[in-house]
>>> print(open('entry.cif').read())   # mmCIF, C-alpha atoms and all ligand atoms
data_coords
#
loop_
_atom_site.group_PDB
_atom_site.id
_atom_site.type_symbol
_atom_site.label_atom_id
_atom_site.label_comp_id
_atom_site.auth_asym_id
_atom_site.auth_seq_id
_atom_site.Cartn_x
_atom_site.Cartn_y
_atom_site.Cartn_z
ATOM 1 C CA MET A 1 1.118 20.688 4.564
ATOM 2 C CA LYS A 2 3.817 22.765 6.240
ATOM 3 C CA THR A 3 6.744 20.535 7.107
ATOM 4 C CA ALA A 4 9.070 22.903 9.000
ATOM 5 C CA HIS A 5 7.761 21.869 12.443
ATOM 6 C CA LEU A 6 7.638 18.154 11.675
ATOM 7 C CA LYS A 7 10.119 15.786 13.278
ATOM 8 C CA LYS A 8 12.404 14.234 10.708
ATOM 9 C CA LEU A 9 12.943 10.483 10.773
ATOM 10 C CA ALA A 10 15.566 8.216 9.272
ATOM 11 C CA ILE A 11 14.267 4.660 8.877
ATOM 12 C CA LEU A 12 16.810 1.869 8.552
ATOM 13 C CA ILE A 13 15.809 -1.405 6.920
ATOM 14 C CA SER A 14 17.296 -4.631 5.595
ATOM 15 C CA GLY A 15 14.390 -6.343 3.875
ATOM 16 C CA SER A 16 10.679 -6.334 3.260
ATOM 17 C CA GLY A 17 10.027 -3.095 5.110
ATOM 18 C CA SER A 18 6.508 -3.852 6.279
ATOM 19 C CA ASN A 19 7.211 -1.798 9.415
ATOM 20 C CA LEU A 20 8.484 0.989 7.167
ATOM 21 C CA GLN A 21 5.159 0.733 5.304
ATOM 22 C CA ALA A 22 3.322 1.156 8.603
ATOM 23 C CA PHE A 23 5.203 4.434 9.115
ATOM 24 C CA ILE A 24 4.522 5.567 5.556
ATOM 25 C CA ASP A 25 0.808 4.842 6.067
ATOM 26 C CA ALA A 26 0.706 6.492 9.503
ATOM 27 C CA VAL A 27 2.201 9.675 8.024
ATOM 28 C CA ALA A 28 -0.171 9.572 5.018
ATOM 29 C CA ASN A 29 -3.169 9.072 7.322
ATOM 30 C CA HIS A 30 -2.084 11.915 9.630
ATOM 31 C CA LYS A 31 -1.646 9.531 12.542
ATOM 32 C CA LEU A 32 1.992 10.520 12.862
ATOM 33 C CA SER A 33 3.126 14.121 12.428
ATOM 34 C CA ALA A 34 6.566 13.412 11.069
ATOM 35 C CA ASN A 35 8.521 13.517 7.864
ATOM 36 C CA ILE A 36 10.394 10.403 6.757
ATOM 37 C CA ALA A 37 13.501 12.177 5.524
ATOM 38 C CA VAL A 38 15.379 9.096 4.339
ATOM 39 C CA VAL A 39 15.209 5.317 4.183
ATOM 40 C CA ILE A 40 18.551 3.559 4.385
ATOM 41 C CA SER A 41 19.112 -0.114 3.602
ATOM 42 C CA ASN A 42 22.239 -2.174 4.125
ATOM 43 C CA ARG A 43 21.025 -4.477 1.343
ATOM 44 C CA PRO A 44 20.434 -3.434 -2.245
ATOM 45 C CA ASP A 45 17.308 -4.556 -4.111
ATOM 46 C CA VAL A 46 15.061 -5.130 -1.120
ATOM 47 C CA LYS A 47 11.324 -4.544 -1.177
ATOM 48 C CA GLY A 48 11.544 -1.829 1.479
ATOM 49 C CA LEU A 49 13.505 0.386 -0.918
ATOM 50 C CA GLU A 50 10.721 -0.002 -3.451
ATOM 51 C CA ARG A 51 8.145 0.971 -0.828
ATOM 52 C CA ALA A 52 10.153 4.110 -0.002
ATOM 53 C CA ALA A 53 10.592 5.060 -3.659
ATOM 54 C CA ASN A 54 6.859 4.577 -4.275
ATOM 55 C CA ALA A 55 6.168 6.999 -1.439
ATOM 56 C CA GLY A 56 8.646 9.541 -2.855
ATOM 57 C CA ILE A 57 11.074 9.152 0.052
ATOM 58 C CA PRO A 58 14.815 9.545 -0.632
ATOM 59 C CA THR A 59 16.729 6.270 -0.292
ATOM 60 C CA GLU A 60 20.333 5.357 0.380
ATOM 61 C CA VAL A 61 22.015 1.972 0.174
ATOM 62 C CA LEU A 62 25.049 1.233 2.312
ATOM 63 C CA ASP A 63 25.983 -2.327 1.506
ATOM 64 C CA HIS A 64 27.815 -3.612 4.579
ATOM 65 C CA LYS A 65 29.690 -6.126 2.415
ATOM 66 C CA GLN A 66 31.552 -3.233 0.781
ATOM 67 C CA PHE A 67 33.086 -2.135 4.101
ATOM 68 C CA SER A 68 36.295 -3.444 5.607
ATOM 69 C CA ASP A 69 34.952 -3.589 9.155
ATOM 70 C CA ARG A 70 31.963 -2.775 11.318
ATOM 71 C CA ASN A 71 33.356 0.481 12.591
ATOM 72 C CA VAL A 72 33.972 1.893 9.113
ATOM 73 C CA PHE A 73 30.422 0.903 8.171
ATOM 74 C CA ASP A 74 28.983 2.531 11.302
ATOM 75 C CA GLN A 75 30.934 5.745 10.680
ATOM 76 C CA GLN A 76 29.671 5.981 7.118
ATOM 77 C CA LEU A 77 26.146 5.232 8.265
ATOM 78 C CA MET A 78 26.291 8.073 10.812
ATOM 79 C CA LYS A 79 27.635 10.425 8.159
ATOM 80 C CA THR A 80 24.810 9.481 5.803
ATOM 81 C CA ILE A 81 22.113 9.850 8.457
ATOM 82 C CA ASP A 82 23.489 13.164 9.708
ATOM 83 C CA GLN A 83 23.310 14.695 6.241
ATOM 84 C CA TYR A 84 19.543 14.579 6.662
ATOM 85 C CA GLY A 85 19.535 16.296 10.075
ATOM 86 C CA VAL A 86 17.016 13.897 11.587
ATOM 87 C CA ASP A 87 15.389 13.951 15.026
ATOM 88 C CA ALA A 88 15.066 10.178 15.384
ATOM 89 C CA VAL A 89 16.572 7.036 13.903
ATOM 90 C CA ILE A 90 14.178 4.107 13.533
ATOM 91 C CA LEU A 91 15.587 0.602 13.160
ATOM 92 C CA ALA A 92 12.859 -1.281 11.331
ATOM 93 C CA GLY A 93 14.043 -4.793 10.614
ATOM 94 C CA PHE A 94 17.620 -3.525 10.278
ATOM 95 C CA MET A 95 19.676 -6.675 10.625
ATOM 96 C CA ARG A 96 23.067 -5.244 11.579
ATOM 97 C CA ILE A 97 24.450 -4.902 15.074
ATOM 98 C CA LEU A 98 25.526 -1.313 15.609
ATOM 99 C CA GLY A 99 28.603 -0.398 17.640
ATOM 100 C CA ASP A 100 28.707 1.614 20.842
ATOM 101 C CA ASP A 101 29.857 4.814 19.101
ATOM 102 C CA PHE A 102 26.843 4.715 16.833
ATOM 103 C CA VAL A 103 24.430 3.967 19.664
ATOM 104 C CA ARG A 104 25.834 6.744 21.867
ATOM 105 C CA HIS A 105 25.712 9.227 18.990
ATOM 106 C CA TYR A 106 21.922 8.784 18.759
ATOM 107 C CA GLN A 107 21.201 7.973 22.402
ATOM 108 C CA GLY A 108 17.661 8.968 23.331
ATOM 109 C CA LYS A 109 16.480 9.136 19.742
ATOM 110 C CA LEU A 110 17.350 5.657 18.494
ATOM 111 C CA PHE A 111 14.531 3.084 18.454
ATOM 112 C CA ASN A 112 14.257 -0.591 17.616
ATOM 113 C CA ILE A 113 11.451 -3.104 17.354
ATOM 114 C CA HIS A 114 12.092 -6.648 18.417
ATOM 115 C CA PRO A 115 9.706 -9.539 17.750
ATOM 116 C CA SER A 116 9.523 -10.903 21.292
ATOM 117 C CA LEU A 117 8.327 -9.908 24.724
ATOM 118 C CA LEU A 118 11.691 -8.621 25.869
ATOM 119 C CA PRO A 119 13.622 -9.389 28.010
ATOM 120 C CA LYS A 120 12.676 -12.834 26.668
ATOM 121 C CA TYR A 121 14.459 -13.934 23.525
ATOM 122 C CA PRO A 122 16.891 -11.230 22.486
ATOM 123 C CA GLY A 123 18.616 -12.111 19.212
ATOM 124 C CA LEU A 124 17.258 -14.273 16.404
ATOM 125 C CA HIS A 125 14.565 -16.965 15.881
ATOM 126 C CA THR A 126 12.325 -15.488 18.550
ATOM 127 C CA HIS A 127 9.089 -17.132 17.389
ATOM 128 C CA GLN A 128 10.635 -20.569 17.114
ATOM 129 C CA ARG A 129 12.092 -20.160 20.591
ATOM 130 C CA ALA A 130 8.753 -19.075 22.084
ATOM 131 C CA ILE A 131 6.998 -22.098 20.541
ATOM 132 C CA ALA A 132 9.752 -24.503 21.621
ATOM 133 C CA ALA A 133 9.503 -23.189 25.187
ATOM 134 C CA GLY A 134 5.732 -23.807 25.208
ATOM 135 C CA ASP A 135 4.975 -20.118 25.826
ATOM 136 C CA ARG A 136 1.301 -19.258 25.776
ATOM 137 C CA GLU A 137 1.932 -15.754 24.592
ATOM 138 C CA ALA A 138 4.393 -14.011 22.330
ATOM 139 C CA GLY A 139 4.639 -10.478 21.059
ATOM 140 C CA ALA A 140 6.785 -7.536 20.130
ATOM 141 C CA SER A 141 8.589 -4.758 21.972
ATOM 142 C CA VAL A 142 9.642 -1.266 20.917
ATOM 143 C CA HIS A 143 12.629 -0.058 22.891
ATOM 144 C CA PHE A 144 15.217 2.675 23.065
ATOM 145 C CA VAL A 145 18.536 1.306 21.849
ATOM 146 C CA VAL A 146 21.466 1.060 24.239
ATOM 147 C CA PRO A 147 24.832 -0.580 23.571
ATOM 148 C CA GLU A 148 23.744 -4.012 24.885
ATOM 149 C CA LEU A 149 21.762 -5.961 22.246
ATOM 150 C CA ASP A 150 17.937 -5.736 22.509
ATOM 151 C CA ALA A 151 18.247 -4.453 26.079
ATOM 152 C CA GLY A 152 17.262 -0.751 26.163
ATOM 153 C CA PRO A 153 14.276 0.601 28.113
ATOM 154 C CA ILE A 154 11.057 -0.806 26.683
ATOM 155 C CA VAL A 155 8.494 1.737 25.494
ATOM 156 C CA ILE A 156 5.590 -0.473 24.450
ATOM 157 C CA GLN A 157 4.732 -4.139 24.036
ATOM 158 C CA ALA A 158 1.931 -5.939 22.231
ATOM 159 C CA ARG A 159 1.013 -9.499 23.175
ATOM 160 C CA VAL A 160 -0.548 -12.207 21.058
ATOM 161 C CA ALA A 161 -1.727 -15.652 22.157
ATOM 162 C CA VAL A 162 0.299 -18.589 20.847
ATOM 163 C CA LYS A 163 -2.074 -21.113 19.252
ATOM 164 C CA LYS A 164 -1.577 -24.873 19.472
ATOM 165 C CA GLU A 165 -1.275 -25.116 15.709
ATOM 166 C CA ASP A 166 1.208 -22.226 15.368
ATOM 167 C CA ASP A 167 4.525 -22.587 13.625
ATOM 168 C CA ALA A 168 7.126 -19.822 13.550
ATOM 169 C CA ASP A 169 5.683 -18.355 10.335
ATOM 170 C CA SER A 170 2.073 -18.180 11.453
ATOM 171 C CA LEU A 171 3.078 -16.680 14.781
ATOM 172 C CA ALA A 172 5.428 -14.181 13.104
ATOM 173 C CA LYS A 173 2.575 -13.040 10.871
ATOM 174 C CA ARG A 174 0.281 -12.231 13.792
ATOM 175 C CA VAL A 175 3.069 -10.571 15.759
ATOM 176 C CA LEU A 176 3.999 -8.470 12.723
ATOM 177 C CA GLU A 177 0.451 -7.086 12.546
ATOM 178 C CA GLN A 178 0.939 -5.843 16.096
ATOM 179 C CA GLU A 179 4.364 -4.427 15.296
ATOM 180 C CA HIS A 180 2.683 -2.247 12.679
ATOM 181 C CA GLN A 181 0.418 -0.816 15.384
ATOM 182 C CA ILE A 182 2.871 -0.210 18.172
ATOM 183 C CA TYR A 183 5.934 1.098 16.334
ATOM 184 C CA PRO A 184 4.355 4.205 14.765
ATOM 185 C CA LEU A 185 2.510 4.811 18.055
ATOM 186 C CA ALA A 186 5.742 4.814 20.099
ATOM 187 C CA VAL A 187 7.391 7.174 17.627
ATOM 188 C CA LYS A 188 4.310 9.394 17.637
ATOM 189 C CA TRP A 189 4.713 9.775 21.416
ATOM 190 C CA PHE A 190 8.341 10.735 20.858
ATOM 191 C CA CYS A 191 7.490 13.218 18.083
ATOM 192 C CA ASP A 192 4.773 14.728 20.282
ATOM 193 C CA LYS A 193 7.412 15.124 23.047
ATOM 194 C CA ARG A 194 5.475 12.807 25.349
ATOM 195 C CA LEU A 195 8.223 10.164 25.444
ATOM 196 C CA VAL A 196 11.777 10.751 26.630
ATOM 197 C CA LEU A 197 14.700 8.606 27.673
ATOM 198 C CA THR A 198 16.221 9.541 31.030
ATOM 199 C CA GLN A 199 18.926 8.062 33.267
ATOM 200 C CA THR A 200 16.271 6.112 35.143
ATOM 201 C CA GLY A 201 14.367 4.796 32.131
ATOM 202 C CA ALA A 202 11.730 5.785 29.599
ATOM 203 C CA LEU A 203 9.205 8.418 30.681
ATOM 204 C CA LEU A 204 5.784 8.747 29.076
ATOM 205 C CA ASP A 205 3.913 11.929 30.018
ATOM 206 C CA GLY A 206 6.394 12.411 32.853
ATOM 207 C CA GLN A 207 5.772 8.948 34.350
ATOM 208 C CA LEU A 208 8.391 6.235 34.415
ATOM 209 C CA LEU A 209 7.196 3.355 32.236
ATOM 210 C CA PRO A 210 7.260 -0.114 33.818
ATOM 211 C CA ALA A 211 10.116 -2.432 32.832
ATOM 212 C CA THR A 212 7.827 -4.136 30.300
ATOM 213 C CA GLY A 213 6.746 -0.801 28.801
ATOM 214 C CA PHE A 214 3.218 0.359 28.048
ATOM 215 C CA GLN A 215 0.977 -2.653 27.390
ATOM 216 C CA PHE A 216 -0.866 -2.152 24.113
ATOM 217 C CA GLN A 217 -4.469 -3.368 24.069
ATOM 218 C CA HIS A 218 -5.477 -4.417 20.614
ATOM 219 C CA PRO A 219 -9.070 -4.992 19.496
HETATM 220 C C1 LIG A 301 10.184 -7.617 12.126
HETATM 221 O O1 LIG A 301 9.616 -8.758 12.710
HETATM 222 C C2 LIG A 301 11.091 -6.947 13.105
HETATM 223 O O2 LIG A 301 10.605 -6.978 14.408
HETATM 224 C C3 LIG A 301 12.313 -7.810 12.970
HETATM 225 O O3 LIG A 301 12.432 -8.050 11.582
HETATM 226 C C4 LIG A 301 11.141 -8.005 10.998
HETATM 227 C C5 LIG A 301 11.195 -6.978 9.909
HETATM 228 O O4 LIG A 301 10.074 -6.962 9.136
HETATM 229 N N1 LIG A 301 13.458 -7.216 13.584
HETATM 230 P P1 LIG A 301 9.862 -5.804 8.053
HETATM 231 O O5 LIG A 301 11.123 -5.689 7.220
HETATM 232 O O6 LIG A 301 9.512 -4.539 8.758
HETATM 233 O O7 LIG A 301 8.720 -6.335 7.214
#
>>> encode(input="entry.cif", output="C-alpha cells")
Amino acid sequence: MKTAHLKKLAILISGSGSNLQAFIDAVANHKLSANIAVVISNRPDVKGLERAANAGIPTEVLDHKQFSDRNVFDQQLMKTIDQYGVDAVILAGFMRILGDDFVRHYQGKLFNIHPSLLPKYPGLHTHQRAIAAGDREAGASVHFVVPELDAGPIVIQARVAVKKEDDADSLAKRVLEQEHQIYPLAVKWFCDKRLVLTQTGALLDGQLLPATGFQFQHP
C-alpha cells in the first residue's frame, strides 16, 4: 500500500497498550487510513512496547524517572515525537501529565481517551468513583487535549450500564471494550479531515459537536 498520503500518528503509552492494539488492528483491517509512525512509552518493559514491536512499529522509551523535572521530560518528548513528523499525537493510557508548552505545541492534533463520561470524574479511579456514587451508567470519552486536565472538547463518548454486581475491575473491562471502538473511530474522523478543533469547540463535518461529544451507539 502507498503510504505517502497517510496521516502519521505517534501513540504514547505507559502500560498494557490495549488501546494501541485497537489502533494497530484498525490499521491492519483498513478501518483507519493512517500509519503508526512511532510508539513511545514512559515506562520500559511494558506490554504495549511488545505489541508495537510485534506489529513492526518503531518504539522509543523515555523513562520519566531519568529526567530532572517535568519540563525537561516534556521537551525531550516533543523532540522525539517531532523527529517522526507526525500529524497527530494519541495519548493511549499515557499516565503522565503534560505541561502547557507540550499541549500548545500539538494543539488541535493531540488526543486523549479518558475512562469516564467527562466532565464527570477527571483524574484517577474513575470506575470506583462511578460505583461509589451509585451511577447507573459509566463510559469513556475521547477528547482534544487542552492545558487543563481531562477538560478539552469531547469528540465522542460511549456509555455502558453499571450492573449491581460490578466492581471497578468488571466495569473497567466493559468500558475498555468501548474505548477500543471509539478511539480509532475519532482518529479516523481526524485523518479523514472530518474532525477539527476550532476556537468554539470540536467540529465534525462542519457541525459543532455537543458538549458531551458524539454519542456512540454500540450493538
Ligand atoms: C484506559 O482505560 C485508558 O482510558 C486509561 O488507561 C487505560 C489504558 O489501557 N487512561 P491500555 O494501556 O490502552 O490497555
>>> atom_distance(input="entry.cif", atom1="CA of Glu137 in chain A", atom2="CA of Val160 in chain A")
5.6 Å
>>> residues_near_ligand(input="entry.cif", ligand="ligand LIG 301 (chain A)", cutoff="6 Å", atoms="only C-alpha atoms and all ligand atoms", output="ChimeraX atom specification")
/A:15-20,92-93,113-115,176
>>> residues_around(input="entry.cif", residues="range 42-50 of chain A", least_positions_apart="2", cutoff="9 Å", atoms="all atoms listed in the file", output="PyMOL selection string")
chain A and resi 12-18+20-21+39-40+52-55+59-65+94-96
>>> residues_around(input="entry.cif", residues="Ala10 in chain A", least_positions_apart="5", cutoff="9 Å", atoms="only C-alpha atoms", output="PyMOL selection string")
chain A and resi 35-40+81+84+86-91
>>> residues_near_point(input="entry.cif", point="(-2.5, -18.2, 20.6)", cutoff="12 Å", atoms="only C-alpha atoms", output="PyMOL selection string")
chain A and resi 130-131+134-139+159-167+170-172+174-175
>>> residues_around(input="entry.cif", residues="range 185-197 of chain A", least_positions_apart="2", cutoff="9 Å", atoms="only C-alpha atoms", output="PyMOL selection string")
chain A and resi 6-8+26+31-34+87-88+90+107-109+111+142-144+153+155-156+180-183+199-206
